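Structure file query-v3.cif (mmCIF, C-alpha atoms and all ligand atoms) follows.
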```cif
data_protein
loop_
_atom_site.label_atom_id
_atom_site.label_comp_id
_atom_site.auth_asym_id
_atom_site.auth_seq_id
_atom_site.Cartn_x
_atom_site.Cartn_y
_atom_site.Cartn_z
CA MET A 9 -23.78 -33.25 2.33
CA LYS A 10 -27.58 -33.13 2.40
CA TYR A 11 -29.60 -36.05 0.98
CA ASP A 12 -31.97 -35.15 -1.84
CA TYR A 13 -34.52 -37.56 -0.34
CA LEU A 14 -35.11 -39.03 3.07
CA ILE A 15 -37.22 -42.17 2.54
CA VAL A 16 -39.01 -43.48 5.61
CA GLY A 17 -39.64 -47.23 5.43
CA ALA A 18 -37.78 -49.92 3.46
CA GLY A 19 -40.87 -51.79 2.24
CA PHE A 20 -41.73 -52.22 -1.43
CA SER A 21 -42.76 -48.57 -1.79
CA GLY A 22 -39.66 -47.11 -0.07
CA LEU A 23 -37.25 -49.36 -1.95
CA VAL A 24 -38.81 -48.82 -5.37
CA ALA A 25 -38.88 -45.06 -4.74
CA ALA A 26 -35.18 -45.16 -3.82
CA GLU A 27 -34.26 -47.20 -6.89
CA ARG A 28 -36.08 -44.86 -9.28
CA LEU A 29 -34.76 -41.70 -7.61
CA CYS A 30 -31.15 -42.95 -7.60
CA ASN A 31 -31.03 -44.64 -10.98
CA GLU A 32 -33.47 -42.62 -13.08
CA HIS A 33 -33.13 -39.19 -11.49
CA GLY A 34 -29.56 -39.30 -10.14
CA LYS A 35 -30.65 -38.34 -6.60
CA ARG A 36 -28.91 -39.18 -3.32
CA CYS A 37 -31.22 -40.97 -0.93
CA LEU A 38 -31.24 -42.08 2.67
CA ILE A 39 -33.68 -44.81 3.71
CA VAL A 40 -34.46 -45.18 7.39
CA GLU A 41 -36.20 -48.32 8.58
CA LYS A 42 -37.18 -48.95 12.15
CA ARG A 43 -37.06 -52.73 11.78
CA ASN A 44 -33.77 -54.61 11.52
CA HIS A 45 -34.27 -55.65 7.89
CA ILE A 46 -35.40 -54.28 4.55
CA GLY A 47 -38.53 -55.45 2.68
CA GLY A 48 -41.27 -54.27 5.05
CA ASN A 49 -44.05 -56.81 5.42
CA CYS A 50 -42.93 -58.59 2.24
CA HIS A 51 -39.76 -59.73 3.95
CA ASP A 52 -38.97 -63.45 3.78
CA CYS A 53 -36.27 -65.37 5.62
CA TYR A 54 -35.16 -68.86 6.68
CA ASP A 55 -36.46 -69.97 10.05
CA GLU A 56 -34.24 -71.81 12.56
CA HIS A 57 -34.98 -75.09 10.72
CA GLY A 58 -33.94 -73.76 7.33
CA VAL A 59 -37.48 -73.36 5.93
CA LEU A 60 -38.10 -70.25 3.82
CA ILE A 61 -41.02 -68.46 5.47
CA HIS A 62 -42.98 -65.20 5.19
CA PRO A 63 -42.86 -64.01 8.81
CA TYR A 64 -45.40 -61.19 8.29
CA GLY A 65 -48.05 -63.28 6.56
CA PRO A 66 -48.13 -64.99 3.17
CA HIS A 67 -47.09 -62.83 0.23
CA TYR A 68 -48.47 -64.11 -3.06
CA PHE A 69 -47.25 -61.92 -5.88
CA ARG A 70 -49.84 -61.35 -8.58
CA THR A 71 -50.62 -58.53 -10.99
CA ASN A 72 -52.45 -57.55 -14.14
CA SER A 73 -49.79 -54.95 -14.90
CA ASP A 74 -47.16 -55.87 -17.48
CA GLU A 75 -45.29 -52.71 -16.51
CA VAL A 76 -44.98 -53.73 -12.85
CA LEU A 77 -43.90 -57.25 -13.76
CA GLN A 78 -41.33 -56.02 -16.26
CA TYR A 79 -39.95 -53.49 -13.80
CA LEU A 80 -39.52 -56.07 -11.01
CA SER A 81 -38.03 -58.57 -13.46
CA ARG A 82 -34.89 -56.39 -13.42
CA PHE A 83 -34.23 -57.70 -9.93
CA THR A 84 -35.48 -61.27 -9.98
CA GLU A 85 -36.40 -64.30 -12.00
CA TRP A 86 -39.77 -65.85 -11.20
CA ILE A 87 -41.32 -69.19 -10.47
CA ILE A 88 -44.98 -69.95 -11.14
CA GLY A 89 -47.22 -68.92 -8.24
CA ASN A 90 -49.52 -71.87 -7.74
CA TYR A 91 -51.70 -70.20 -5.14
CA LYS A 92 -54.26 -72.71 -3.90
CA VAL A 93 -56.38 -72.34 -0.78
CA LYS A 94 -58.87 -74.60 1.00
CA LEU A 95 -61.46 -73.50 3.51
CA HIS A 96 -62.19 -75.42 6.71
CA CYS A 97 -65.82 -75.30 7.86
CA ASP A 98 -68.18 -77.79 9.56
CA ASP A 99 -65.31 -80.25 10.16
CA ARG A 100 -64.34 -80.58 6.52
CA GLU A 101 -62.31 -78.84 3.85
CA TRP A 102 -63.98 -77.03 0.97
CA SER A 103 -62.67 -75.96 -2.38
CA PHE A 104 -62.17 -72.19 -2.13
CA PRO A 105 -62.69 -69.57 -3.50
CA ILE A 106 -66.21 -70.70 -4.32
CA ASN A 107 -66.22 -72.50 -7.67
CA LEU A 108 -68.03 -75.39 -9.35
CA GLU A 109 -66.19 -77.91 -7.19
CA THR A 110 -67.45 -76.16 -4.03
CA PHE A 111 -71.00 -76.47 -5.37
CA GLU A 112 -70.46 -80.19 -6.09
CA GLN A 113 -69.15 -80.71 -2.57
CA TYR A 114 -72.18 -78.86 -1.22
CA ILE A 115 -74.80 -80.89 -3.11
CA GLY A 116 -72.80 -84.12 -2.86
CA ARG A 117 -72.75 -85.03 -6.56
CA VAL A 118 -71.33 -84.04 -9.94
CA SER A 119 -72.87 -80.89 -11.45
CA ASN A 120 -72.26 -78.26 -14.10
CA THR A 121 -72.05 -74.49 -14.56
CA ASP A 122 -75.69 -74.11 -15.62
CA GLU A 123 -76.99 -75.86 -12.54
CA MET A 124 -74.71 -73.86 -10.28
CA GLU A 125 -75.76 -70.56 -11.92
CA GLU A 126 -79.39 -71.51 -11.46
CA TRP A 127 -78.89 -72.41 -7.80
CA LEU A 128 -76.97 -69.19 -7.17
CA SER A 129 -79.75 -67.09 -8.70
CA SER A 130 -82.19 -68.75 -6.31
CA GLN A 131 -79.94 -67.79 -3.37
CA ARG A 132 -78.81 -64.28 -4.31
CA ILE A 133 -80.33 -61.32 -2.53
CA ASN A 134 -80.82 -58.21 -4.59
CA PHE A 135 -79.85 -54.79 -3.29
CA GLU A 136 -80.53 -51.54 -5.07
CA GLN A 137 -76.98 -50.58 -4.22
CA VAL A 138 -74.37 -52.73 -2.51
CA THR A 139 -72.94 -50.63 0.30
CA ASN A 140 -70.99 -53.04 2.49
CA SER A 141 -69.21 -56.42 2.56
CA GLU A 142 -72.20 -58.35 3.88
CA GLU A 143 -74.36 -57.12 0.99
CA ALA A 144 -71.52 -57.74 -1.46
CA VAL A 145 -71.46 -61.44 -0.54
CA LEU A 146 -75.25 -61.86 -0.16
CA SER A 147 -75.75 -60.34 -3.60
CA LYS A 148 -73.37 -62.88 -5.15
CA VAL A 149 -74.00 -66.14 -3.28
CA GLY A 150 -76.83 -65.64 -0.78
CA LYS A 151 -77.17 -66.28 2.95
CA LYS A 152 -76.11 -69.97 3.25
CA TRP A 153 -72.66 -69.50 1.76
CA TYR A 154 -72.26 -66.07 3.34
CA ASP A 155 -72.74 -67.76 6.73
CA MET A 156 -70.47 -70.70 5.91
CA PHE A 157 -67.57 -68.99 4.18
CA PHE A 158 -67.54 -65.27 4.96
CA LYS A 159 -69.36 -64.19 8.10
CA GLY A 160 -67.15 -65.87 10.74
CA TYR A 161 -63.83 -65.28 8.98
CA THR A 162 -64.58 -61.62 8.33
CA SER A 163 -65.80 -60.99 11.87
CA LYS A 164 -62.62 -62.51 13.31
CA GLN A 165 -60.30 -60.78 10.89
CA TRP A 166 -61.74 -57.30 11.36
CA ASN A 167 -63.44 -57.59 14.77
CA CYS A 168 -66.61 -56.08 13.36
CA HIS A 169 -69.67 -57.21 11.44
CA PRO A 170 -69.17 -57.54 7.64
CA SER A 171 -71.90 -54.91 7.23
CA GLU A 172 -69.49 -52.39 8.77
CA LEU A 173 -66.86 -52.88 6.08
CA SER A 174 -66.64 -51.51 2.57
CA PRO A 175 -67.78 -53.98 -0.18
CA SER A 176 -64.19 -53.96 -1.48
CA VAL A 177 -63.02 -56.16 1.44
CA CYS A 178 -65.03 -59.30 0.60
CA ASN A 179 -65.03 -58.45 -3.10
CA ARG A 180 -61.33 -59.33 -3.09
CA ILE A 181 -62.40 -62.97 -3.21
CA PRO A 182 -63.52 -64.21 -6.65
CA ILE A 183 -66.65 -66.34 -7.11
CA ARG A 184 -66.61 -68.70 -10.10
CA THR A 185 -69.06 -71.14 -11.64
CA VAL A 186 -66.37 -73.19 -13.39
CA LYS A 187 -63.74 -75.56 -12.00
CA ASP A 188 -61.01 -73.00 -11.44
CA ASP A 189 -59.84 -72.95 -7.83
CA ARG A 190 -56.95 -70.48 -8.14
CA TYR A 191 -57.16 -67.94 -5.32
CA PHE A 192 -56.68 -65.00 -7.69
CA ASN A 193 -57.78 -63.91 -11.16
CA ASP A 194 -54.68 -61.88 -12.07
CA LYS A 195 -52.92 -62.36 -15.40
CA HIS A 196 -49.49 -62.85 -13.78
CA GLN A 197 -49.18 -65.01 -10.65
CA CYS A 198 -45.60 -65.71 -9.68
CA LEU A 199 -43.06 -65.65 -6.88
CA PRO A 200 -39.46 -64.33 -6.87
CA LYS A 201 -37.34 -67.38 -7.70
CA HIS A 202 -34.84 -66.81 -4.89
CA GLY A 203 -37.25 -65.10 -2.51
CA TYR A 204 -38.27 -61.51 -1.78
CA HIS A 205 -35.19 -60.71 0.30
CA LYS A 206 -32.92 -61.50 -2.65
CA LEU A 207 -35.10 -59.34 -4.93
CA PHE A 208 -34.77 -56.42 -2.50
CA ASN A 209 -31.00 -56.91 -2.11
CA ASN A 210 -30.57 -56.94 -5.90
CA LEU A 211 -32.61 -53.73 -6.16
CA VAL A 212 -30.51 -52.01 -3.50
CA GLU A 213 -27.26 -53.08 -5.20
CA THR A 214 -28.23 -51.25 -8.40
CA CYS A 215 -28.30 -47.95 -6.49
CA GLY A 216 -24.60 -48.08 -5.55
CA ASP A 217 -23.38 -45.30 -3.27
CA ARG A 218 -26.27 -42.99 -4.15
CA LEU A 219 -28.30 -44.93 -1.56
CA GLU A 220 -27.64 -45.27 2.14
CA ILE A 221 -29.84 -47.45 4.37
CA ARG A 222 -30.02 -47.16 8.14
CA LEU A 223 -31.83 -50.02 9.86
CA ASP A 224 -33.17 -49.89 13.42
CA THR A 225 -33.76 -46.20 12.88
CA ASP A 226 -36.95 -44.24 13.36
CA HIS A 227 -37.43 -41.19 11.16
CA SER A 228 -37.64 -38.99 14.26
CA GLN A 229 -33.91 -39.67 14.76
CA ILE A 230 -33.05 -37.80 11.56
CA SER A 231 -32.65 -34.05 11.64
CA ASP A 232 -34.54 -31.92 9.11
CA ASP A 233 -31.22 -30.39 8.01
CA GLU A 234 -30.13 -33.70 6.51
CA TRP A 235 -32.63 -33.84 3.66
CA SER A 236 -34.47 -31.74 1.07
CA GLU A 237 -37.54 -33.88 0.41
CA MET A 238 -39.11 -36.73 2.33
CA ILE A 239 -41.04 -39.79 1.20
CA PHE A 240 -43.01 -41.22 4.10
CA THR A 241 -44.33 -44.80 3.82
CA GLY A 242 -45.26 -45.35 7.48
CA PRO A 243 -48.76 -44.68 8.90
CA ILE A 244 -49.89 -41.20 7.88
CA ASP A 245 -51.62 -40.54 11.22
CA ALA A 246 -48.40 -41.39 13.12
CA PHE A 247 -46.51 -38.86 10.97
CA PHE A 248 -48.85 -36.14 12.23
CA ASN A 249 -48.71 -37.44 15.82
CA HIS A 250 -52.39 -38.45 15.54
CA ARG A 251 -53.39 -34.83 15.80
CA LEU A 252 -56.72 -35.38 14.01
CA GLY A 253 -57.38 -38.69 15.75
CA SER A 254 -56.06 -42.23 15.27
CA LEU A 255 -56.85 -44.17 12.12
CA PRO A 256 -58.00 -47.75 12.80
CA TYR A 257 -55.74 -50.69 11.90
CA ARG A 258 -55.91 -54.44 12.42
CA SER A 259 -52.90 -56.30 13.67
CA LEU A 260 -51.94 -59.98 13.72
CA ARG A 261 -50.16 -62.47 15.90
CA PHE A 262 -48.28 -65.26 14.14
CA GLU A 263 -47.80 -68.67 15.74
CA ARG A 264 -45.16 -70.86 14.14
CA GLU A 265 -45.00 -74.67 14.30
CA HIS A 266 -42.26 -76.84 12.81
CA HIS A 267 -42.75 -80.49 11.87
CA ALA A 268 -39.35 -82.11 11.45
CA ASP A 269 -40.66 -85.44 10.16
CA GLU A 270 -43.21 -84.19 7.64
CA ASP A 271 -42.37 -83.10 4.13
CA LEU A 272 -45.70 -81.25 3.81
CA LEU A 273 -48.54 -81.04 6.30
CA GLN A 274 -51.42 -79.28 4.54
CA PRO A 275 -53.06 -80.01 1.17
CA CYS A 276 -52.06 -76.55 -0.12
CA VAL A 277 -50.30 -73.34 0.87
CA GLN A 278 -53.21 -71.88 2.82
CA VAL A 279 -56.16 -73.23 4.77
CA ASN A 280 -58.78 -70.69 5.88
CA TYR A 281 -60.86 -71.27 9.01
CA SER A 282 -64.24 -69.61 8.74
CA SER A 283 -65.72 -70.81 12.05
CA ALA A 284 -65.94 -68.12 14.71
CA ASP A 285 -65.07 -70.80 17.33
CA ILE A 286 -61.58 -71.33 15.91
CA ARG A 287 -59.60 -68.25 16.80
CA HIS A 288 -57.12 -68.20 13.94
CA THR A 289 -58.15 -67.23 10.42
CA ARG A 290 -55.64 -69.24 8.40
CA THR A 291 -52.64 -71.53 8.43
CA VAL A 292 -49.93 -71.05 5.85
CA GLU A 293 -47.33 -73.58 4.70
CA SER A 294 -44.96 -71.70 2.42
CA LYS A 295 -43.13 -74.79 1.09
CA HIS A 296 -46.07 -75.38 -1.24
CA ILE A 297 -45.23 -72.24 -3.20
CA THR A 298 -41.49 -71.76 -2.66
CA LYS A 299 -41.00 -75.39 -3.80
CA GLN A 300 -38.09 -75.53 -1.39
CA LYS A 301 -36.49 -78.97 -1.17
CA THR A 302 -35.75 -79.28 2.50
CA LYS A 303 -36.42 -81.72 5.30
CA GLY A 304 -39.32 -80.80 7.56
CA THR A 305 -41.95 -78.12 7.16
CA THR A 306 -43.18 -75.04 9.00
CA ILE A 307 -46.76 -73.83 9.26
CA ILE A 308 -47.79 -70.41 10.54
CA ARG A 309 -51.17 -69.73 12.16
CA GLU A 310 -52.56 -66.22 11.93
CA PHE A 311 -54.52 -64.72 14.84
CA PRO A 312 -56.13 -61.32 14.20
CA GLN A 313 -55.59 -58.77 16.96
CA ASP A 314 -56.74 -55.32 17.94
CA TYR A 315 -54.11 -52.76 17.09
CA THR A 316 -52.57 -50.57 19.72
CA GLU A 317 -49.55 -48.27 19.54
CA GLY A 318 -46.30 -50.24 19.27
CA MET A 319 -47.81 -53.17 17.34
CA ASP A 320 -47.50 -53.65 13.60
CA PRO A 321 -50.40 -51.93 11.80
CA TYR A 322 -50.93 -54.66 9.20
CA TYR A 323 -54.29 -53.64 7.75
CA PRO A 324 -55.98 -50.28 7.22
CA VAL A 325 -59.68 -50.83 7.99
CA PRO A 326 -61.79 -49.96 4.93
CA ASN A 327 -65.00 -48.29 6.13
CA GLU A 328 -66.78 -44.95 5.73
CA GLU A 329 -65.51 -43.48 8.99
CA SER A 330 -61.83 -44.27 8.40
CA LYS A 331 -62.12 -42.99 4.83
CA LYS A 332 -63.34 -39.62 6.12
CA LEU A 333 -60.55 -39.37 8.70
CA TYR A 334 -57.93 -40.39 6.14
CA GLU A 335 -59.22 -37.68 3.78
CA LYS A 336 -58.58 -35.12 6.54
CA TYR A 337 -55.01 -36.36 6.91
CA ARG A 338 -54.55 -36.34 3.13
CA HIS A 339 -55.75 -32.76 3.05
CA LEU A 340 -53.31 -31.86 5.83
CA SER A 341 -50.48 -33.61 3.97
CA GLU A 342 -51.08 -31.36 0.97
CA SER A 343 -50.00 -28.39 3.06
CA LEU A 344 -46.47 -29.85 3.21
CA ASN A 345 -44.72 -29.20 -0.06
CA ASN A 346 -41.63 -31.34 0.54
CA VAL A 347 -43.16 -34.47 2.11
CA HIS A 348 -44.79 -37.15 -0.06
CA PHE A 349 -46.87 -40.04 1.27
CA LEU A 350 -46.68 -43.40 -0.48
CA GLY A 351 -47.54 -47.04 0.09
CA ARG A 352 -50.18 -48.99 1.99
CA LEU A 353 -49.79 -47.10 5.26
CA GLY A 354 -48.77 -43.71 3.83
CA THR A 355 -51.98 -43.57 1.76
CA TYR A 356 -54.09 -45.76 4.08
CA LYS A 357 -55.17 -48.11 1.27
CA TYR A 358 -55.63 -51.89 1.50
CA TYR A 359 -53.13 -52.28 -1.34
CA ASN A 360 -51.33 -55.36 -2.61
CA MET A 361 -47.64 -55.35 -3.50
CA ASP A 362 -48.15 -54.67 -7.21
CA GLN A 363 -50.41 -51.71 -6.41
CA VAL A 364 -47.82 -50.01 -4.22
CA VAL A 365 -45.16 -50.65 -6.86
CA ALA A 366 -47.42 -49.12 -9.55
CA MET A 367 -48.17 -46.14 -7.31
CA THR A 368 -44.46 -45.56 -6.65
CA LEU A 369 -43.45 -45.89 -10.31
CA LYS A 370 -46.11 -43.30 -11.18
CA PHE A 371 -44.84 -40.97 -8.47
CA ALA A 372 -41.25 -41.32 -9.70
CA LYS A 373 -42.24 -40.58 -13.32
CA ASN A 374 -43.60 -37.20 -12.26
CA ILE A 375 -40.40 -36.08 -10.51
CA SER A 376 -38.39 -33.42 -12.24
P1 LIG B 401 -44.71 -51.85 4.37
O1 LIG B 401 -44.30 -53.14 3.78
O2 LIG B 401 -45.60 -51.84 5.55
O3 LIG B 401 -43.38 -51.03 4.70
C1 LIG B 401 -43.39 -49.85 5.48
C2 LIG B 401 -42.12 -49.85 6.32
O4 LIG B 401 -42.01 -48.59 6.99
C3 LIG B 401 -42.12 -50.91 7.40
O5 LIG B 401 -41.00 -51.76 7.24
C4 LIG B 401 -42.04 -50.10 8.71
O6 LIG B 401 -41.24 -50.74 9.70
C5 LIG B 401 -41.41 -48.82 8.25
N1 LIG B 401 -41.73 -47.65 9.08
C6 LIG B 401 -42.96 -47.24 9.46
N2 LIG B 401 -42.86 -46.10 10.20
C7 LIG B 401 -41.54 -45.82 10.28
C8 LIG B 401 -40.81 -44.76 10.92
N3 LIG B 401 -41.41 -43.79 11.62
N4 LIG B 401 -39.45 -44.76 10.82
C9 LIG B 401 -38.81 -45.75 10.13
N5 LIG B 401 -39.46 -46.76 9.51
C10 LIG B 401 -40.80 -46.79 9.58
N6 LIG B 401 -49.78 -58.17 -0.96
C11 LIG B 401 -49.80 -58.94 -2.06
O7 LIG B 401 -49.61 -58.44 -3.18
N7 LIG B 401 -49.98 -60.30 -1.96
C12 LIG B 401 -50.17 -60.92 -0.78
O8 LIG B 401 -50.35 -62.13 -0.72
C13 LIG B 401 -50.17 -60.11 0.40
N8 LIG B 401 -50.36 -60.68 1.61
C14 LIG B 401 -50.35 -59.91 2.72
C15 LIG B 401 -50.52 -60.52 3.96
C16 LIG B 401 -50.49 -59.75 5.12
C17 LIG B 401 -50.69 -60.43 6.46
C18 LIG B 401 -50.29 -58.35 5.04
C19 LIG B 401 -50.29 -57.51 6.28
C20 LIG B 401 -50.13 -57.73 3.81
C21 LIG B 401 -50.15 -58.50 2.64
N9 LIG B 401 -49.96 -57.93 1.39
C22 LIG B 401 -49.97 -58.71 0.26
C23 LIG B 401 -49.78 -56.49 1.24
C24 LIG B 401 -48.30 -56.08 1.22
O9 LIG B 401 -47.72 -56.45 2.44
C25 LIG B 401 -48.23 -54.57 1.02
O10 LIG B 401 -48.83 -54.21 -0.20
C26 LIG B 401 -46.80 -54.06 1.02
O11 LIG B 401 -46.07 -54.54 2.11
C27 LIG B 401 -46.84 -52.55 1.08
O12 LIG B 401 -45.52 -52.06 1.05
P2 LIG B 401 -45.20 -50.69 1.74
O13 LIG B 401 -43.79 -50.37 1.43
O14 LIG B 401 -46.22 -49.67 1.36
O15 LIG B 401 -45.44 -50.92 3.30
N1 LIG B 402 -62.64 -63.60 3.52
C1 LIG B 402 -63.59 -64.43 4.12
N2 LIG B 402 -63.38 -65.79 4.10
C2 LIG B 402 -62.27 -66.34 3.59
C3 LIG B 402 -61.31 -65.51 3.00
C4 LIG B 402 -61.52 -64.14 2.99
O1 LIG B 402 -64.59 -63.95 4.64
O2 LIG B 402 -62.13 -67.57 3.64
C5 LIG B 402 -62.87 -62.14 3.53
C6 LIG B 402 -62.26 -61.51 4.79
O3 LIG B 402 -63.04 -60.39 5.13
C7 LIG B 402 -60.90 -61.08 4.30
C8 LIG B 402 -61.22 -60.61 2.89
O4 LIG B 402 -62.21 -61.55 2.43
O5 LIG B 402 -60.35 -60.07 5.10
C9 LIG B 402 -60.07 -60.57 1.94
O6 LIG B 402 -59.43 -61.84 1.93
P1 LIG B 402 -57.89 -62.00 1.50
O7 LIG B 402 -57.60 -63.46 1.46
O8 LIG B 402 -57.65 -61.20 0.27
O9 LIG B 402 -57.17 -61.32 2.74
P2 LIG B 402 -55.65 -60.87 2.98
O10 LIG B 402 -54.77 -61.88 2.30
O11 LIG B 402 -55.50 -59.49 2.45
O12 LIG B 402 -55.56 -60.94 4.48
#
```

Output the file's structure in the form of structure tokens.
Amino acid sequence: MKYDYLIVGAGFSGLVAAERLCNEHGKRCLIVEKRNHIGGNCHDCYDEHGVLIHPYGPHYFRTNSDEVLQYLSRFTEWIIGNYKVKLHCDDREWSFPINLETFEQYIGRVSNTDEMEEWLSSQRINFEQVTNSEEAVLSKVGKKWYDMFFKGYTSKQWNCHPSELSPSVCNRIPIRTVKDDRYFNDKHQCLPKHGYHKLFNNLVETCGDRLEIRLDTDHSQISDDEWSEMIFTGPIDAFFNHRLGSLPYRSLRFEREHHADEDLLQPCVQVNYSSADIRHTRTVESKHITKQKTKGTTIIREFPQDYTEGMDPYYPVPNEESKKLYEKYRHLSESLNNVHFLGRLGTYKYYNMDQVVAMTLKFAKNIS
């Protein structure tokens, strides 16, 4: 019997699509996933020492959407997401994102919001229109802090100058003039109590035998006769065999280090390294947020890498050129009436988890 939907990719977007299609619309779905696990990049697992880690980079759940939180709460309980980051620069650690404490560290004494505001206005550079990430930062904090906190990190992460990236990239990082050093501003900041993998397993269980999942399977292995409609959550340019050109992506290499005799190694879950001389961008110690009670700890260093075919395309690169090429692919995708593109790679958007969940819920609502 034919599947109503072939869903390519078992990340957040593929799984949420499957759940809605099976449970709300009574459809039969097949998910194919080329990796050997579900969850996409949000996958978590226990390493060989029993530490719960995020092998594809840290995944801090946060959202302003009550709807997304309520929806996901069907599959998990939550613990508070105490997402704290420090930034390493000039041989010391700074409070980050920039806040009143960062300013106090910078001037070497106690201060207040008024003084910080005044100092920032003396540093800020005005632009008629902010058109890139360099200008976005200069217009908020000026050249000194741009050089210290953003220039080196951004150049390493994206292998280009910040002026070549859309303002939205560096605008992800809040700037505050009060003593609030949370990494995010979102209303809800939390983590699945028993991990992401458990959340995904619970979601899959609700679908019963309406859903089949085939791991280690590329979508090219599935014949067109087996399905009526397709949801594709992999890279949109790969779907079209790069016929209009290849979209740019950034990839990462992760280096893991276990410390059997330490309970915790870092002051917080993430330390960013802004110096261009240090090749990694950040080190992540997940025990700070999972609150796991286990002996030993694991830290993961993240080294940005150029993307070539066969690697994991972790980040779409937000700039004018890629936007134009993506628009061409989007236009091409509209000529297919039974294939739908969803998710971070399917729509080539630098989206967080909650944004792909929101996008998928919206898609599912419009299905007849
Ligand atoms: P993915 O998770 O990428 O899933 C797509 C799946 O499709 C993959 O498993 C892939 O193997 C599979 N696939 C692709 N092509 C094929 C094919 N041809 N056949 C079969 N399978 C295929 N978001 C947050 O909200 N908070 C964070 O802290 C956060 N941190 C991040 C850190 C890093 C390093 C990265 C890279 C991302 C981070 N994100 C974070 C973003 C988050 O990972 C994404 O929003 C989310 O994974 C998108 O889900 P998705 O289903 O669209 O894509
Ligand atoms: N960024 C930076 N310095 C930092 C942290 C971030 O310059 O210490 C810039 C960098 O360009 C990065 C972007 O801000 O890619 C977004 O940072 P975020 O922490 O949101 O990156 P992600 O978790 O998505 O990799």

Could you give me, as a short mmCIF file (atom, residue, chain, number, x, y, z; two decimals) with C-alpha atoms, keeping the file's coordinate frame, every polymer residue with an atom at most 7 Å away from an atom of ligand LIG 401 (chain B), counting all atoms listed in the file?
```cif
data_model
loop_
_atom_site.label_atom_id
_atom_site.label_comp_id
_atom_site.auth_asym_id
_atom_site.auth_seq_id
_atom_site.Cartn_x
_atom_site.Cartn_y
_atom_site.Cartn_z
CA VAL A 16 -39.01 -43.48 5.61
CA GLY A 17 -39.64 -47.23 5.43
CA ALA A 18 -37.78 -49.92 3.46
CA GLY A 19 -40.87 -51.79 2.24
CA PHE A 20 -41.73 -52.22 -1.43
CA SER A 21 -42.76 -48.57 -1.79
CA GLY A 22 -39.66 -47.11 -0.07
CA VAL A 40 -34.46 -45.18 7.39
CA GLU A 41 -36.20 -48.32 8.58
CA LYS A 42 -37.18 -48.95 12.15
CA ARG A 43 -37.06 -52.73 11.78
CA ILE A 46 -35.40 -54.28 4.55
CA GLY A 47 -38.53 -55.45 2.68
CA GLY A 48 -41.27 -54.27 5.05
CA ASN A 49 -44.05 -56.81 5.42
CA CYS A 50 -42.93 -58.59 2.24
CA TYR A 64 -45.40 -61.19 8.29
CA GLY A 65 -48.05 -63.28 6.56
CA PRO A 66 -48.13 -64.99 3.17
CA HIS A 67 -47.09 -62.83 0.23
CA TYR A 68 -48.47 -64.11 -3.06
CA PHE A 69 -47.25 -61.92 -5.88
CA ARG A 70 -49.84 -61.35 -8.58
CA THR A 225 -33.76 -46.20 12.88
CA ASP A 226 -36.95 -44.24 13.36
CA HIS A 227 -37.43 -41.19 11.16
CA SER A 228 -37.64 -38.99 14.26
CA THR A 241 -44.33 -44.80 3.82
CA GLY A 242 -45.26 -45.35 7.48
CA PRO A 243 -48.76 -44.68 8.90
CA TYR A 322 -50.93 -54.66 9.20
CA TYR A 323 -54.29 -53.64 7.75
CA LEU A 350 -46.68 -43.40 -0.48
CA GLY A 351 -47.54 -47.04 0.09
CA ARG A 352 -50.18 -48.99 1.99
CA LEU A 353 -49.79 -47.10 5.26
CA GLY A 354 -48.77 -43.71 3.83
CA TYR A 359 -53.13 -52.28 -1.34
CA ASN A 360 -51.33 -55.36 -2.61
CA MET A 361 -47.64 -55.35 -3.50
CA ASP A 362 -48.15 -54.67 -7.21
CA GLN A 363 -50.41 -51.71 -6.41
CA VAL A 364 -47.82 -50.01 -4.22
#
```

TODO: Please extract the residues at most 9 Å from ligand LIG 402 (chain B), counting all atoms listed in the file, and provide them as a PyMOL selection string, using the chain letters and residue numbers of this document.
DONE: chain A and resi 65-68+93-96+104-105+141+145+154+156-166+170+173+176-181+191-192+279-282+289-290+323+358-360

Report, as JSON, the centre and edge lengths in Å (one decimal) of the axis-aligned box enclosing every listed atom of region 201-210 of chain A, padded by 4 Å on each side.
```
{"center_x": -34.4, "center_y": -61.9, "center_z": -3.7, "size_x": 15.7, "size_y": 19.0, "size_z": 16.0}
```

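Shortest separation to Thr185 (chain A) among A:Lys332, A:Lys148, A:His33, A:Lys201 occurs at residue A:Lys148, atoms counted being all atoms listed in the file.
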
Open item on the list: Here is a test: counting all atoms listed in the file, which residue of A:Gln274, A:Asn31, A:Thr84, A:Gln300 is nearest to Leu219 (chain A)?
Closed with: A:Asn31
